[in-house]
Each structure stands twice: as C-alpha cells, then as structure tokens.
>>> print(open('upload-v9.pdb').read())   # PDB, C-alpha atoms
ATOM      1  CA  MET A   1      11.193 -11.709 -22.712
ATOM      2  CA  LYS A   2      11.379  -7.933 -22.832
ATOM      3  CA  LEU A   3      10.349  -5.634 -19.982
ATOM      4  CA  LEU A   4       8.520  -2.455 -20.992
ATOM      5  CA  PHE A   5       8.463   0.248 -18.316
ATOM      6  CA  LEU A   6       5.816   2.968 -18.640
ATOM      7  CA  VAL A   7       6.073   6.352 -16.944
ATOM      8  CA  CYS A   8       3.715   9.339 -17.193
ATOM      9  CA  SER A   9       6.588  11.763 -17.873
ATOM     10  CA  GLU A  10       9.759  11.594 -19.949
ATOM     11  CA  ALA A  11      11.056   8.064 -20.450
ATOM     12  CA  LYS A  12      14.367   8.933 -18.783
ATOM     13  CA  ASN A  13      12.482   9.422 -15.511
ATOM     14  CA  ILE A  14      11.990   5.665 -15.155
ATOM     15  CA  LYS A  15      15.745   5.029 -15.255
ATOM     16  CA  TRP A  16      15.785   4.511 -11.493
ATOM     17  CA  ILE A  17      13.881   1.256 -12.084
ATOM     18  CA  THR A  18      15.245   0.148 -15.462
ATOM     19  CA  GLN A  19      18.914   0.412 -14.430
ATOM     20  CA  TYR A  20      18.599  -2.532 -12.048
ATOM     21  CA  PHE A  21      17.172  -4.763 -14.791
ATOM     22  CA  GLU A  22      19.649  -3.575 -17.412
ATOM     23  CA  ASP A  23      22.498  -4.416 -15.039
ATOM     24  CA  LYS A  24      21.063  -7.930 -14.756
ATOM     25  CA  LYS A  25      20.962  -8.244 -18.566
ATOM     26  CA  TYR A  26      17.205  -8.045 -19.039
ATOM     27  CA  ALA A  27      16.009  -6.556 -22.326
ATOM     28  CA  THR A  28      14.187  -3.328 -21.409
ATOM     29  CA  LEU A  29      12.299  -0.542 -23.138
ATOM     30  CA  ALA A  30      11.247   2.668 -21.381
ATOM     31  CA  LEU A  31       8.220   4.533 -22.740
ATOM     32  CA  GLY A  32       7.139   7.986 -21.589
ATOM     33  CA  MET A  33       4.727  10.744 -22.565
ATOM     34  CA  ASN A  34       4.157  14.478 -22.646
ATOM     35  CA  SER A  35       4.176  15.550 -19.022
ATOM     36  CA  SER A  36       3.159  19.205 -19.278
ATOM     37  CA  MET A  37       2.282  20.411 -15.781
ATOM     38  CA  LYS A  38      -0.651  22.393 -17.218
ATOM     39  CA  ASN A  39      -2.387  19.117 -18.023
ATOM     40  CA  ARG A  40      -2.374  18.346 -14.294
ATOM     41  CA  THR A  41      -3.163  21.791 -12.910
ATOM     42  CA  VAL A  42      -5.725  23.222 -15.394
ATOM     43  CA  LYS A  43      -9.083  21.533 -15.058
ATOM     44  CA  TRP A  44     -10.156  21.578 -18.711
ATOM     45  CA  ARG A  45      -6.790  20.110 -19.732
ATOM     46  CA  ARG A  46      -7.265  16.958 -17.639
ATOM     47  CA  SER A  47      -8.832  15.371 -20.732
ATOM     48  CA  ILE A  48      -5.484  15.900 -22.505
ATOM     49  CA  LEU A  49      -3.716  14.181 -19.642
ATOM     50  CA  PHE A  50      -5.954  11.130 -19.939
ATOM     51  CA  TYR A  51      -5.598  11.165 -23.727
ATOM     52  CA  ASN A  52      -1.835  10.945 -23.209
ATOM     53  CA  TYR A  53      -2.358   8.103 -20.748
ATOM     54  CA  ILE A  54      -4.322   6.230 -23.405
ATOM     55  CA  LYS A  55      -1.701   6.914 -26.105
ATOM     56  CA  LEU A  56       1.045   5.598 -23.844
ATOM     57  CA  SER A  57      -1.011   2.510 -23.102
ATOM     58  CA  VAL A  58      -1.625   1.826 -26.802
ATOM     59  CA  ARG A  59       2.066   2.356 -27.637
ATOM     60  CA  SER A  60       3.058  -0.207 -25.023
ATOM     61  CA  ILE A  61       0.766  -2.784 -26.639
ATOM     62  CA  GLN A  62       2.031  -1.959 -30.122
ATOM     63  CA  GLN A  63       5.707  -2.175 -29.139
ATOM     64  CA  SER A  64       5.440  -5.443 -27.192
ATOM     65  CA  ASP A  65       4.465  -9.015 -27.871
ATOM     66  CA  LYS A  66       2.869 -11.785 -25.842
ATOM     67  CA  SER A  67       6.196 -12.929 -24.379
ATOM     68  CA  ASP A  68       6.882  -9.498 -22.813
ATOM     69  CA  VAL A  69       5.881  -7.942 -19.503
ATOM     70  CA  ILE A  70       4.503  -4.394 -19.380
ATOM     71  CA  VAL A  71       5.257  -2.630 -16.073
ATOM     72  CA  SER A  72       3.419   0.644 -15.538
ATOM     73  CA  ALA A  73       4.682   3.025 -12.861
ATOM     74  CA  ASN A  74       1.326   4.827 -13.137
ATOM     75  CA  PHE A  75      -1.556   2.599 -12.106
ATOM     76  CA  ILE A  76      -4.092   4.312 -14.378
ATOM     77  CA  VAL A  77      -1.946   3.767 -17.484
ATOM     78  CA  GLY A  78      -1.609   0.099 -16.540
ATOM     79  CA  ALA A  79      -5.379  -0.168 -16.049
ATOM     80  CA  PHE A  80      -5.992   1.290 -19.523
ATOM     81  CA  THR A  81      -3.543  -1.266 -20.939
ATOM     82  CA  GLY A  82      -5.411  -4.121 -19.274
ATOM     83  CA  PHE A  83      -8.719  -2.632 -20.466
ATOM     84  CA  PHE A  84      -7.633  -2.534 -24.124
ATOM     85  CA  CYS A  85      -6.076  -5.999 -24.001
ATOM     86  CA  LYS A  86      -9.316  -7.392 -22.577
ATOM     87  CA  ILE A  87     -11.731  -5.793 -25.056
ATOM     88  CA  PHE A  88      -9.534  -6.498 -28.116
ATOM     89  CA  GLY A  89      -8.424  -9.988 -27.063
ATOM     90  CA  ILE A  90      -4.680  -9.173 -27.016
ATOM     91  CA  LYS A  91      -2.313 -11.334 -24.952
ATOM     92  CA  ARG A  92       0.019  -9.237 -22.794
ATOM     93  CA  THR A  93       1.278  -9.640 -19.228
ATOM     94  CA  ILE A  94       0.727  -6.378 -17.333
ATOM     95  CA  LEU A  95       1.928  -5.282 -13.909
ATOM     96  CA  SER A  96       0.425  -1.990 -12.748
ATOM     97  CA  LEU A  97       2.216  -0.488  -9.766
ATOM     98  CA  ASN A  98       0.860   1.174  -6.641
ATOM     99  CA  MET A  99      -2.892   0.940  -6.997
ATOM    100  CA  ILE A 100      -4.733   3.914  -5.511
ATOM    101  CA  SER A 101      -8.517   4.124  -5.513
ATOM    102  CA  HIS A 102      -9.517   7.537  -4.146
ATOM    103  CA  GLU A 103     -13.109   8.571  -3.648
ATOM    104  CA  LYS A 104     -14.407  10.403  -6.724
ATOM    105  CA  GLY A 105     -17.616  12.031  -7.927
ATOM    106  CA  PHE A 106     -20.353   9.792  -9.364
ATOM    107  CA  PHE A 107     -19.360  10.098 -13.041
ATOM    108  CA  ASN A 108     -15.627   9.700 -12.435
ATOM    109  CA  LYS A 109     -16.270   6.788 -10.104
ATOM    110  CA  LEU A 110     -18.487   5.110 -12.709
ATOM    111  CA  VAL A 111     -15.906   5.500 -15.508
ATOM    112  CA  ARG A 112     -13.118   4.299 -13.233
ATOM    113  CA  LYS A 113     -15.159   1.283 -12.187
ATOM    114  CA  ILE A 114     -15.710   0.323 -15.831
ATOM    115  CA  ILE A 115     -12.005   0.635 -16.691
ATOM    116  CA  TYR A 116     -10.766  -1.066 -13.519
ATOM    117  CA  ASN A 117     -13.296  -3.892 -13.552
ATOM    118  CA  THR A 118     -12.569  -4.631 -17.207
ATOM    119  CA  ALA A 119      -8.833  -4.648 -16.509
ATOM    120  CA  PHE A 120      -9.313  -6.936 -13.510
ATOM    121  CA  ASN A 121     -11.354  -9.303 -15.655
ATOM    122  CA  TYR A 122      -8.310  -9.680 -17.905
ATOM    123  CA  PRO A 123      -6.443 -12.770 -16.627
ATOM    124  CA  TYR A 124      -2.948 -11.365 -17.227
ATOM    125  CA  PHE A 125      -3.404  -8.102 -15.309
ATOM    126  CA  TYR A 126      -1.586  -7.859 -11.971
ATOM    127  CA  VAL A 127      -1.322  -5.104  -9.369
ATOM    128  CA  THR A 128       0.944  -3.946  -6.559
ATOM    129  CA  VAL A 129      -0.234  -2.138  -3.436
ATOM    130  CA  ASN A 130       1.845  -0.608  -0.667
ATOM    131  CA  SER A 131       0.092  -2.126   2.350
ATOM    132  CA  SER A 132      -1.371  -5.500   3.260
ATOM    133  CA  GLU A 133      -4.572  -3.774   4.414
ATOM    134  CA  LEU A 134      -5.102  -2.306   0.944
ATOM    135  CA  LEU A 135      -4.543  -5.719  -0.604
ATOM    136  CA  GLU A 136      -7.450  -7.089   1.396
ATOM    137  CA  GLU A 137      -9.626  -4.021   0.771
ATOM    138  CA  TYR A 138      -9.155  -3.831  -3.008
ATOM    139  CA  ALA A 139      -9.444  -7.592  -3.506
ATOM    140  CA  THR A 140     -12.845  -7.414  -1.809
ATOM    141  CA  GLU A 141     -13.990  -4.179  -3.517
ATOM    142  CA  PHE A 142     -13.227  -5.427  -7.029
ATOM    143  CA  ASN A 143     -13.991  -9.103  -6.304
ATOM    144  CA  ILE A 144     -10.545 -10.230  -7.449
ATOM    145  CA  GLN A 145      -8.432 -13.142  -6.278
ATOM    146  CA  LYS A 146      -5.708 -12.049  -3.873
ATOM    147  CA  LYS A 147      -3.060 -13.809  -5.953
ATOM    148  CA  ARG A 148      -3.417 -11.009  -8.513
ATOM    149  CA  PHE A 149      -2.159  -8.521  -5.897
ATOM    150  CA  PHE A 150       1.405  -8.125  -4.676
ATOM    151  CA  LEU A 151       2.814  -6.106  -1.794
ATOM    152  CA  LEU A 152       5.465  -3.577  -2.871
ATOM    153  CA  TYR A 153       6.403  -0.747  -0.530
ATOM    154  CA  ASP A 154       7.299   2.705  -1.813
ATOM    155  CA  CYS A 155      11.050   3.224  -1.818
ATOM    156  CA  ILE A 156      13.751   5.819  -1.292
ATOM    157  CA  LEU A 157      15.174   6.984  -4.603
ATOM    158  CA  SER A 158      18.909   7.550  -4.962
ATOM    159  CA  HIS A 159      18.509  11.244  -5.824
ATOM    160  CA  TYR A 160      16.569  12.074  -2.658
ATOM    161  CA  GLU A 161      18.562  14.516  -0.573
ATOM    162  CA  ASN A 162      19.788  13.199   2.762
ATOM    163  CA  ALA A 163      20.324  15.881   5.434
ATOM    164  CA  THR A 164      21.109  15.947   9.129
ATOM    165  CA  TYR A 165      18.719  17.469  11.646
ATOM    166  CA  ILE A 166      18.436  21.259  11.970
ATOM    167  CA  GLU A 167      15.904  23.182  14.044
ATOM    168  CA  GLY A 168      14.456  24.964  11.018
ATOM    169  CA  ASN A 169      12.770  28.342  10.833
ATOM    170  CA  GLY A 170       9.883  27.512  13.155
ATOM    171  CA  SER A 171       7.316  27.021  10.387
ATOM    172  CA  VAL A 172       4.942  24.106   9.814
ATOM    173  CA  PHE A 173       4.998  22.907   6.198
ATOM    174  CA  CYS A 174       2.199  21.132   4.342
ATOM    175  CA  GLY A 175       2.148  20.477   0.614
ATOM    176  CA  GLY A 176       1.403  17.945  -2.074
ATOM    177  CA  GLU A 177      -0.443  16.908  -5.176
ATOM    178  CA  ALA A 178      -3.822  15.918  -3.785
ATOM    179  CA  MET A 179      -5.927  14.722  -0.868
ATOM    180  CA  ARG A 180      -4.501  17.135   1.678
ATOM    181  CA  ASP A 181      -6.962  18.041   4.421
ATOM    182  CA  TRP A 182      -6.701  21.815   4.172
ATOM    183  CA  HIS A 183      -9.719  22.214   6.438
ATOM    184  CA  ALA A 184      -7.861  20.520   9.314
ATOM    185  CA  TYR A 185      -4.604  22.284   8.488
ATOM    186  CA  PHE A 186      -6.235  25.724   8.494
ATOM    187  CA  ALA A 187      -8.150  24.909  11.688
ATOM    188  CA  ALA A 188      -4.842  24.030  13.361
ATOM    189  CA  ALA A 189      -3.356  27.302  12.083
ATOM    190  CA  ASN A 190      -6.267  29.253  13.542
ATOM    191  CA  ALA A 191      -5.709  27.510  16.872
ATOM    192  CA  LEU A 192      -2.017  28.505  16.831
ATOM    193  CA  PRO A 193      -2.024  32.147  15.650
ATOM    194  CA  ASP A 194       1.603  32.746  16.682
ATOM    195  CA  VAL A 195       2.954  29.890  14.532
ATOM    196  CA  LYS A 196       3.896  30.345  10.887
ATOM    197  CA  PHE A 197       2.356  27.824   8.472
ATOM    198  CA  THR A 198       3.501  27.285   4.867
ATOM    199  CA  ALA A 199       1.092  25.575   2.444
ATOM    200  CA  ILE A 200       1.647  24.526  -1.173
ATOM    201  CA  ALA A 201      -1.379  23.147  -2.997
ATOM    202  CA  ARG A 202      -2.709  22.324  -6.439
ATOM    203  CA  LYS A 203      -5.213  24.988  -7.445
ATOM    204  CA  ILE A 204      -7.282  22.395  -9.281
ATOM    205  CA  ASN A 205      -7.795  20.390  -6.056
ATOM    206  CA  PHE A 206      -8.276  23.316  -3.677
ATOM    207  CA  ASP A 207     -11.572  24.341  -2.065
ATOM    208  CA  ASN A 208     -11.847  28.014  -2.946
ATOM    209  CA  ASN A 209     -14.445  28.530  -0.216
ATOM    210  CA  LEU A 210     -11.773  28.050   2.435
ATOM    211  CA  VAL A 211     -10.716  31.153   4.321
ATOM    212  CA  VAL A 212      -6.932  31.265   4.580
ATOM    213  CA  PRO A 213      -5.723  32.179   8.091
ATOM    214  CA  LYS A 214      -3.428  35.193   8.375
ATOM    215  CA  ASN A 215      -0.549  33.062   9.615
ATOM    216  CA  VAL A 216      -0.636  30.755   6.569
ATOM    217  CA  ASP A 217       1.625  31.499   3.611
ATOM    218  CA  LEU A 218      -0.277  29.791   0.759
ATOM    219  CA  HIS A 219       1.165  29.023  -2.686
ATOM    220  CA  PHE A 220      -0.309  27.225  -5.691
ATOM    221  CA  ASP A 221       1.337  25.053  -8.354
ATOM    222  CA  THR A 222       4.935  25.925  -7.506
ATOM    223  CA  ASP A 223       7.944  24.314  -9.132
ATOM    224  CA  PHE A 224       9.837  21.425  -7.564
ATOM    225  CA  ASP A 225      12.745  23.481  -6.198
ATOM    226  CA  PHE A 226      10.513  26.005  -4.416
ATOM    227  CA  PHE A 227       8.406  23.212  -2.917
ATOM    228  CA  TYR A 228      11.319  21.345  -1.392
ATOM    229  CA  ASN A 229      13.166  24.463  -0.284
ATOM    230  CA  GLN A 230      10.109  25.427   1.769
ATOM    231  CA  LEU A 231       9.937  21.905   3.179
ATOM    232  CA  LYS A 232      13.660  21.931   3.968
ATOM    233  CA  GLN A 233      13.502  25.271   5.804
ATOM    234  CA  SER A 234      10.559  24.243   7.991
ATOM    235  CA  SER A 235      10.694  22.850  11.528
ATOM    236  CA  ILE A 236       7.759  20.427  11.163
ATOM    237  CA  VAL A 237       6.156  18.698   8.184
ATOM    238  CA  ALA A 238       2.417  18.128   8.675
ATOM    239  CA  VAL A 239       0.532  15.919   6.207
ATOM    240  CA  PRO A 240      -3.151  15.821   7.227
ATOM    241  CA  LEU A 241      -4.994  13.720   4.634
ATOM    242  CA  SER A 242      -8.611  13.782   3.520
ATOM    243  CA  THR A 243      -8.533  10.104   2.551
ATOM    244  CA  ILE A 244      -7.475   6.770   3.986
ATOM    245  CA  ALA A 245      -6.250   5.679   0.542
ATOM    246  CA  PRO A 246      -2.511   5.982  -0.228
ATOM    247  CA  ALA A 247      -1.457   9.635  -0.334
ATOM    248  CA  GLY A 248       1.350  11.849   0.896
ATOM    249  CA  LEU A 249       3.977   9.097   0.852
ATOM    250  CA  ILE A 250       6.543  10.858  -1.329
ATOM    251  CA  VAL A 251       6.405  13.951   0.872
ATOM    252  CA  ILE A 252       6.727  11.786   3.994
ATOM    253  CA  ILE A 253       9.762   9.959   2.627
ATOM    254  CA  ARG A 254      11.417  13.161   1.403
ATOM    255  CA  ALA A 255      10.762  14.834   4.774
ATOM    256  CA  ALA A 256      12.230  11.825   6.595
ATOM    257  CA  MET A 257      15.365  11.996   4.447
ATOM    258  CA  LEU A 258      15.662  15.701   5.292
ATOM    259  CA  SER A 259      15.365  14.895   9.022
ATOM    260  CA  LYS A 260      12.067  16.698   9.510
ATOM    261  CA  PRO A 261       9.684  15.626  12.301
ATOM    262  CA  ILE A 262       6.456  14.390  10.730
ATOM    263  CA  ILE A 263       2.790  14.546  11.719
ATOM    264  CA  VAL A 264       0.546  12.592   9.356
ATOM    265  CA  THR A 265      -2.923  11.110   9.168
ATOM    266  CA  SER A 266      -2.979   7.448  10.185
ATOM    267  CA  THR A 267      -3.712   5.228   7.159
ATOM    268  CA  SER A 268      -2.718   1.718   6.156
ATOM    269  CA  SER A 269       0.035   3.209   3.968
ATOM    270  CA  THR A 270       1.423   5.871   6.300
ATOM    271  CA  ARG A 271       1.628   3.323   9.106
ATOM    272  CA  ASN A 272       4.194   1.451   6.993
ATOM    273  CA  TYR A 273       6.568   4.290   7.807
ATOM    274  CA  VAL A 274       5.336   6.160  10.866
ATOM    275  CA  GLU A 275       4.870   4.629  14.302
ATOM    276  CA  ASN A 276       3.108   7.022  16.653
ATOM    277  CA  LYS A 277       5.437   8.722  19.155
ATOM    278  CA  HIS A 278       8.298   6.469  18.029
ATOM    279  CA  ASN A 279       9.471   8.117  14.810
ATOM    280  CA  GLY A 280       6.646  10.596  14.182
ATOM    281  CA  LEU A 281       3.105  11.475  15.208
ATOM    282  CA  LEU A 282      -0.077   9.919  13.826
ATOM    283  CA  ILE A 283      -3.480  11.602  13.964
ATOM    284  CA  GLU A 284      -6.931  10.454  12.896
ATOM    285  CA  LYS A 285      -8.466  11.762   9.675
ATOM    286  CA  GLY A 286     -10.060  15.175  10.168
ATOM    287  CA  ASP A 287      -8.745  15.648  13.720
ATOM    288  CA  ALA A 288      -7.607  19.281  13.663
ATOM    289  CA  VAL A 289      -7.419  19.386  17.482
ATOM    290  CA  ALA A 290      -4.890  16.535  17.548
ATOM    291  CA  LEU A 291      -2.962  18.179  14.711
ATOM    292  CA  ALA A 292      -2.689  21.480  16.605
ATOM    293  CA  ALA A 293      -1.730  19.643  19.815
ATOM    294  CA  GLY A 294       0.960  17.675  18.004
ATOM    295  CA  ILE A 295       2.404  20.824  16.458
ATOM    296  CA  SER A 296       2.468  22.561  19.845
ATOM    297  CA  THR A 297       4.175  19.584  21.472
ATOM    298  CA  LEU A 298       6.878  19.369  18.827
ATOM    299  CA  LEU A 299       7.560  23.114  18.641
ATOM    300  CA  ALA A 300       8.013  23.211  22.414
ATOM    301  CA  ASP A 301      10.533  20.351  22.484
ATOM    302  CA  ASN A 302      13.523  20.504  20.162
ATOM    303  CA  GLU A 303      15.008  17.319  21.667
ATOM    304  CA  LEU A 304      11.820  15.406  20.900
ATOM    305  CA  ARG A 305      11.886  16.632  17.294
ATOM    306  CA  LYS A 306      15.507  15.526  16.954
ATOM    307  CA  GLN A 307      14.817  12.151  18.566
ATOM    308  CA  LEU A 308      11.891  11.384  16.234
ATOM    309  CA  THR A 309      13.922  12.216  13.134
ATOM    310  CA  THR A 310      16.844  10.040  14.267
ATOM    311  CA  THR A 311      14.536   7.064  14.757
ATOM    312  CA  MET A 312      12.802   7.739  11.442
ATOM    313  CA  HIS A 313      16.137   7.629   9.632
ATOM    314  CA  GLN A 314      16.680   4.143  11.029
ATOM    315  CA  THR A 315      13.169   3.110   9.966
ATOM    316  CA  ILE A 316      13.393   4.125   6.328
ATOM    317  CA  GLU A 317      16.660   2.323   5.684
ATOM    318  CA  LYS A 318      14.683  -0.852   4.946
ATOM    319  CA  PHE A 319      12.873   0.928   2.105
ATOM    320  CA  SER A 320      16.007   1.084  -0.031
ATOM    321  CA  LEU A 321      15.994   1.059  -3.829
ATOM    322  CA  PRO A 322      17.914  -2.268  -4.033
ATOM    323  CA  ASN A 323      15.305  -3.970  -1.815
ATOM    324  CA  TYR A 324      12.486  -2.478  -3.905
ATOM    325  CA  SER A 325      14.091  -3.544  -7.197
ATOM    326  CA  LYS A 326      14.706  -7.108  -6.026
ATOM    327  CA  THR A 327      11.097  -7.446  -4.830
ATOM    328  CA  LEU A 328       9.847  -6.062  -8.157
ATOM    329  CA  GLU A 329      12.001  -8.554 -10.048
ATOM    330  CA  ASP A 330      10.602 -11.432  -7.981
ATOM    331  CA  ILE A 331       7.049 -10.269  -8.745
ATOM    332  CA  ILE A 332       7.748  -9.998 -12.481
ATOM    333  CA  LEU A 333       9.217 -13.507 -12.621
ATOM    334  CA  GLU A 334       6.248 -14.916 -10.689
ATOM    335  CA  ILE A 335       3.569 -13.351 -12.886
ATOM    336  CA  LYS A 336       5.475 -14.262 -16.032
ATOM    337  CA  ASN A 337       5.511 -17.873 -14.915
ATOM    338  CA  GLU A 338       1.783 -17.760 -14.075
ATOM    339  CA  SER A 339       0.847 -16.202 -17.427
ATOM    340  CA  LYS A 340       2.489 -18.892 -19.603
TER     341      LYS A 340
END
>>> encode(input="upload-v9.pdb", output="structure tokens")
Amino acid sequence: MKLLFLVCSEAKNIKWITQYFEDKKYATLALGMNSSMKNRTVKWRRSILFYNYIKLSVRSIQQSDKSDVIVSANFIVGAFTGFFCKIFGIKRTILSLNMISHEKGFFNKLVRKIIYNTAFNYPYFYVTVNSSELLEEYATEFNIQKKRFFLLYDCILSHYENATYIEGNGSVFCGGEAMRDWHAYFAAANALPDVKFTAIARKINFDNNLVVPKNVDLHFDTDFDFFYNQLKQSSIVAVPLSTIAPAGLIVIIRAAMLSKPIIVTSTSSTRNYVENKHNGLLIEKGDAVALAAGISTLLADNELRKQLTTTMHQTIEKFSLPNYSKTLEDIILEIKNESK
C-alpha cells in the first residue's frame, strides 16, 4: 500500500503530514500543483484554479493503483478524484479531508452538488469533518451513511509561532480568505469610533458596496508576513463569520498561539476551540451589537484579555500535530480495511 497525499500548492507543503507516515515506514508520494495566488484572487482566473484541481486529481489516479490510498488535504480535489473514479469505473480508496460546504449561488451550488453527489455515490470515497455536528448535517444533506464520515479536528502545525501575551497596539484585527462578516465588523467599528480596526480581505470575496468606516485600515490580498504581523501587533482578534460552515479556524488557531484574545462567531467548528467567557468570546452570526460589546469589554480589561489567552493556550494543547497524525493514520487503516 502506498499513501498519496494531495495538496493544492507545492508538494513540499504537505510535508507536515507525510513526515509522520515516512517515519513509520509507509510508502508515500506527495503531489502538488501550481498555486499562483492570482488564481485565487482574480475572478476570471478561478477557472484556472479549478483546472489545476482537476489535473492534480487525474495525476493522483494515474500515479496510484487499487491497493493505494489517496489522501487529499483539499476537499474539492478529493471530490473530483471520487467523481472521476465513479464515472470511469476506477478502483481507488480516497480520503478527502475537512469537508466544507458553504452556501453558493445557484449555478455553483448545482455544479458542486453534481460533483459531490457523484463522489459520495462512489463506495470507496471517505470524508473527514472537524465537528460531530457537521458529520450529522452533511450525512443528512447528501444522504450518505455516517460510516463514510470521520471526525478529525484541525491541528496546530509545528511552524506556527508561539508567543507570550502582550497588550498589543490597541487595534482590533480581522482577516482571512473568505466568509468574513464585514458588515458586522464595520458596524462594530462605527459603534466604536475611537478604536482602531485593521481588516485584511480578499478582493474577490469583498462586497464593494460596503462603506469603510474612517477608523478601519483596510487591505486587500496582502502577503503572509504582512497579514500575520498585523495580527501579532493587535490587541484583539475578531473573526465574525457570515456562515455557520467551517471557516476562520486557521486564523483562530494562529491567534491563540500568539496569545491574542479572540471573539468569533459561534459555529459547530469554532466551538471545538472557543468556550464563551472561558477562553474567548462567542457571538451569534450577524450580531454586530454583541461584537462591539465584546470588543469594548476586552479593551477595558487587560487582565481579562490575559486570562482568556492563558486558558486558550491550555485548550489548544490537545490539538497537537502528533494527535492529529495518529488519528489520521487510524482512519486510513480503517478505510483501507473496509475497501478490500
């Protein structure tokens, strides 16, 4: 048995997973793709991104055989792999990690439903989700047996910076790839005109009709270093979400490692990490009033901010890379046994 690991960037970027299996003497192969940021940030180039997804999927089928297991770090790539195996009658065992099913427009939702449903109708296609609530929800939505789903929490990667608590520069940071509730964030900024807000968004996902408050420093499509320097300098990290599907988790984990107090929308995934008033603050989706109140409370109480970050550090210890890797190995062995 060989394990093929697929990543939607350079193959070396999946080393954090493959190293565990290489150390345990599994045969592994890492496959990556062109990860030009323009394909993610320029609307007309999204078709190139999905073309690369498809190419990566096809390569994984070509470079594997029926005794292997294909593990896709990107759920969409894994779904394409299951889709092609189903329609062409190819035997492969596929594990697609971290299923996310955001709300889309009619056409995108229709195409996604075709791809996903076809993949789920392939008997050797398996999925991980990062909350038990999502497992129930997706199993019902796609009419799939629960045994095809596995629970695998997001983890802390070894290269994530770990920092002790500092008060920060007084700003409230919000940033991320998608599904940020900029309406709520800007409403909170308008309610707190004396507070500095820093926002980093993807231009392709941003509502250009939004009026940016004067106290918001807004940036689009920045590089990694700028993004995390702004996060690191802030006093609070706010992650209001426009969805209850998984989103914002990497930013939450990185903020926790940097000892930043966190305010985030309550979802089945964020509740894996944040317990309200214990290690962070949870708000309901779209509740700008609660967001502004939470920011005011935290800015007024440095000891509370410090206390929340200390407790959060204790919480995230259980989401270690070794625990993640061992759980992933157990899942792979189980599905391999089922697919014989």
>>> atom_distance(input="upload-v9.pdb", atom1="atom CA of Arg202 of chain A", atom2="atom CA of Tyr51 of chain A")
20.8 Å
>>> closest_residue(input="upload-v9.pdb", among="A:Leu282, A:Ile94, A:Ile204, A:Ile252", to="Lys38 of chain A", atoms="only C-alpha atoms")
A:Ile204
>>> atom_distance(input="upload-v9.pdb", atom1="atom CA of Glu22 of chain A", atom2="atom CA of Thr327 of chain A")
15.7 Å
>>> residues_around(input="upload-v9.pdb", residues="Val172 of chain A", least_positions_apart="6", cutoff="9 Å", atoms="only C-alpha atoms", output="ChimeraX atom specification")
/A:195-199,231,234-238,295
>>> residues_near_point(input="upload-v9.pdb", point="(3.7, 8.4, -24.9)", cutoff="6 Å", atoms="all atoms listed in the file", output="VMD selection string")
chain A and resid 32 to 33 55 to 56
>>> closest_atom_pairs(input="upload-v9.pdb", of="segment 140-170 of chain A", to="segment 116-127 of chain A", cutoff="10 Å", atoms="all atoms listed in the file", output="Markdown table")
| residue | atom | partner | partner_atom | distance |
| --- | --- | --- | --- | --- |
| A:Phe142 | CA | A:Asn117 | CA | 6.7 |
| A:Asn143 | CA | A:Phe120 | CA | 8.9 |
| A:Ile144 | CA | A:Phe120 | CA | 7.0 |
| A:Gln145 | CA | A:Phe120 | CA | 9.6 |
| A:Lys146 | CA | A:Val127 | CA | 9.9 |
| A:Lys147 | CA | A:Tyr126 | CA | 8.6 |
| A:Arg148 | CA | A:Tyr126 | CA | 5.0 |
| A:Phe149 | CA | A:Val127 | CA | 4.9 |
| A:Phe150 | CA | A:Val127 | CA | 6.2 |
| A:Leu151 | CA | A:Val127 | CA | 8.7 |
| A:Leu152 | CA | A:Val127 | CA | 9.5 |
>>> residues_around(input="upload-v9.pdb", residues="Ile244 of chain A", least_positions_apart="4", cutoff="12 Å", atoms="all atoms listed in the file", output="MDAnalysis selection string")
chainID A and resid 100:103 131 133:134 137 179:181 240 248 264:271 283:286
>>> residues_around(input="upload-v9.pdb", residues="Ala191 of chain A", least_positions_apart="4", cutoff="9 Å", atoms="only C-alpha atoms", output="list in words")
Phe186, Ala187, Val289 and Ala292 of chain A
>>> closest_residue(input="upload-v9.pdb", among="A:Ile332, A:Ile200, A:Ile17, A:Ala11", to="Phe220 of chain A", atoms="all atoms listed in the file")
A:Ile200
>>> atom_distance(input="upload-v9.pdb", atom1="atom CA of Thr222 of chain A", atom2="atom CA of Ser35 of chain A")
15.5 Å
>>> resolve_selection(input="upload-v9.pdb", expression="the PyMOL selection byres ((chain A and resi 53) around 12)", output="ChimeraX atom specification")
/A:6-9,31-35,39,46-52,54-60,72-81
>>> write_last_selection(input="upload-v9.pdb", atoms="C-alpha atoms", output="CSV table (one decimal), in the frame of the given file")
chain,number,residue,atom,x,y,z
A,6,LEU,CA,5.8,3.0,-18.6
A,7,VAL,CA,6.1,6.4,-16.9
A,8,CYS,CA,3.7,9.3,-17.2
A,9,SER,CA,6.6,11.8,-17.9
A,31,LEU,CA,8.2,4.5,-22.7
A,32,GLY,CA,7.1,8.0,-21.6
A,33,MET,CA,4.7,10.7,-22.6
A,34,ASN,CA,4.2,14.5,-22.6
A,35,SER,CA,4.2,15.6,-19.0
A,39,ASN,CA,-2.4,19.1,-18.0
A,46,ARG,CA,-7.3,17.0,-17.6
A,47,SER,CA,-8.8,15.4,-20.7
A,48,ILE,CA,-5.5,15.9,-22.5
A,49,LEU,CA,-3.7,14.2,-19.6
A,50,PHE,CA,-6.0,11.1,-19.9
A,51,TYR,CA,-5.6,11.2,-23.7
A,52,ASN,CA,-1.8,10.9,-23.2
A,54,ILE,CA,-4.3,6.2,-23.4
A,55,LYS,CA,-1.7,6.9,-26.1
A,56,LEU,CA,1.0,5.6,-23.8
A,57,SER,CA,-1.0,2.5,-23.1
A,58,VAL,CA,-1.6,1.8,-26.8
A,59,ARG,CA,2.1,2.4,-27.6
A,60,SER,CA,3.1,-0.2,-25.0
A,72,SER,CA,3.4,0.6,-15.5
A,73,ALA,CA,4.7,3.0,-12.9
A,74,ASN,CA,1.3,4.8,-13.1
A,75,PHE,CA,-1.6,2.6,-12.1
A,76,ILE,CA,-4.1,4.3,-14.4
A,77,VAL,CA,-1.9,3.8,-17.5
A,78,GLY,CA,-1.6,0.1,-16.5
A,79,ALA,CA,-5.4,-0.2,-16.0
A,80,PHE,CA,-6.0,1.3,-19.5
A,81,THR,CA,-3.5,-1.3,-20.9
>>> resolve_selection(input="upload-v9.pdb", expression="the PyMOL selection byres ((chain A and resi 16) around 10)", output="list of chain:residue names")
A:Lys12, A:Asn13, A:Ile14, A:Lys15, A:Ile17, A:Thr18, A:Gln19, A:Tyr20, A:Phe21, A:Leu157, A:Ser158, A:His159, A:Leu321, A:Ser325
>>> resolve_selection(input="upload-v9.pdb", expression="the PyMOL selection byres ((chain A and resi 300-307) around 12)", output="ChimeraX atom specification")
/A:164-168,170,195,235-237,256,258-263,277-281,293-299,308-314
>>> residues_near_point(input="upload-v9.pdb", point="(-0.8, -1.0, -8.4)", cutoff="6 Å", atoms="only C-alpha atoms", output="PyMOL selection string")
chain A and resi 75+96-99+127-129
>>> closest_residue(input="upload-v9.pdb", among="A:Ile61, A:Val69, A:Ala184, A:Ile156", to="Phe88 of chain A", atoms="all atoms listed in the file")
A:Ile61
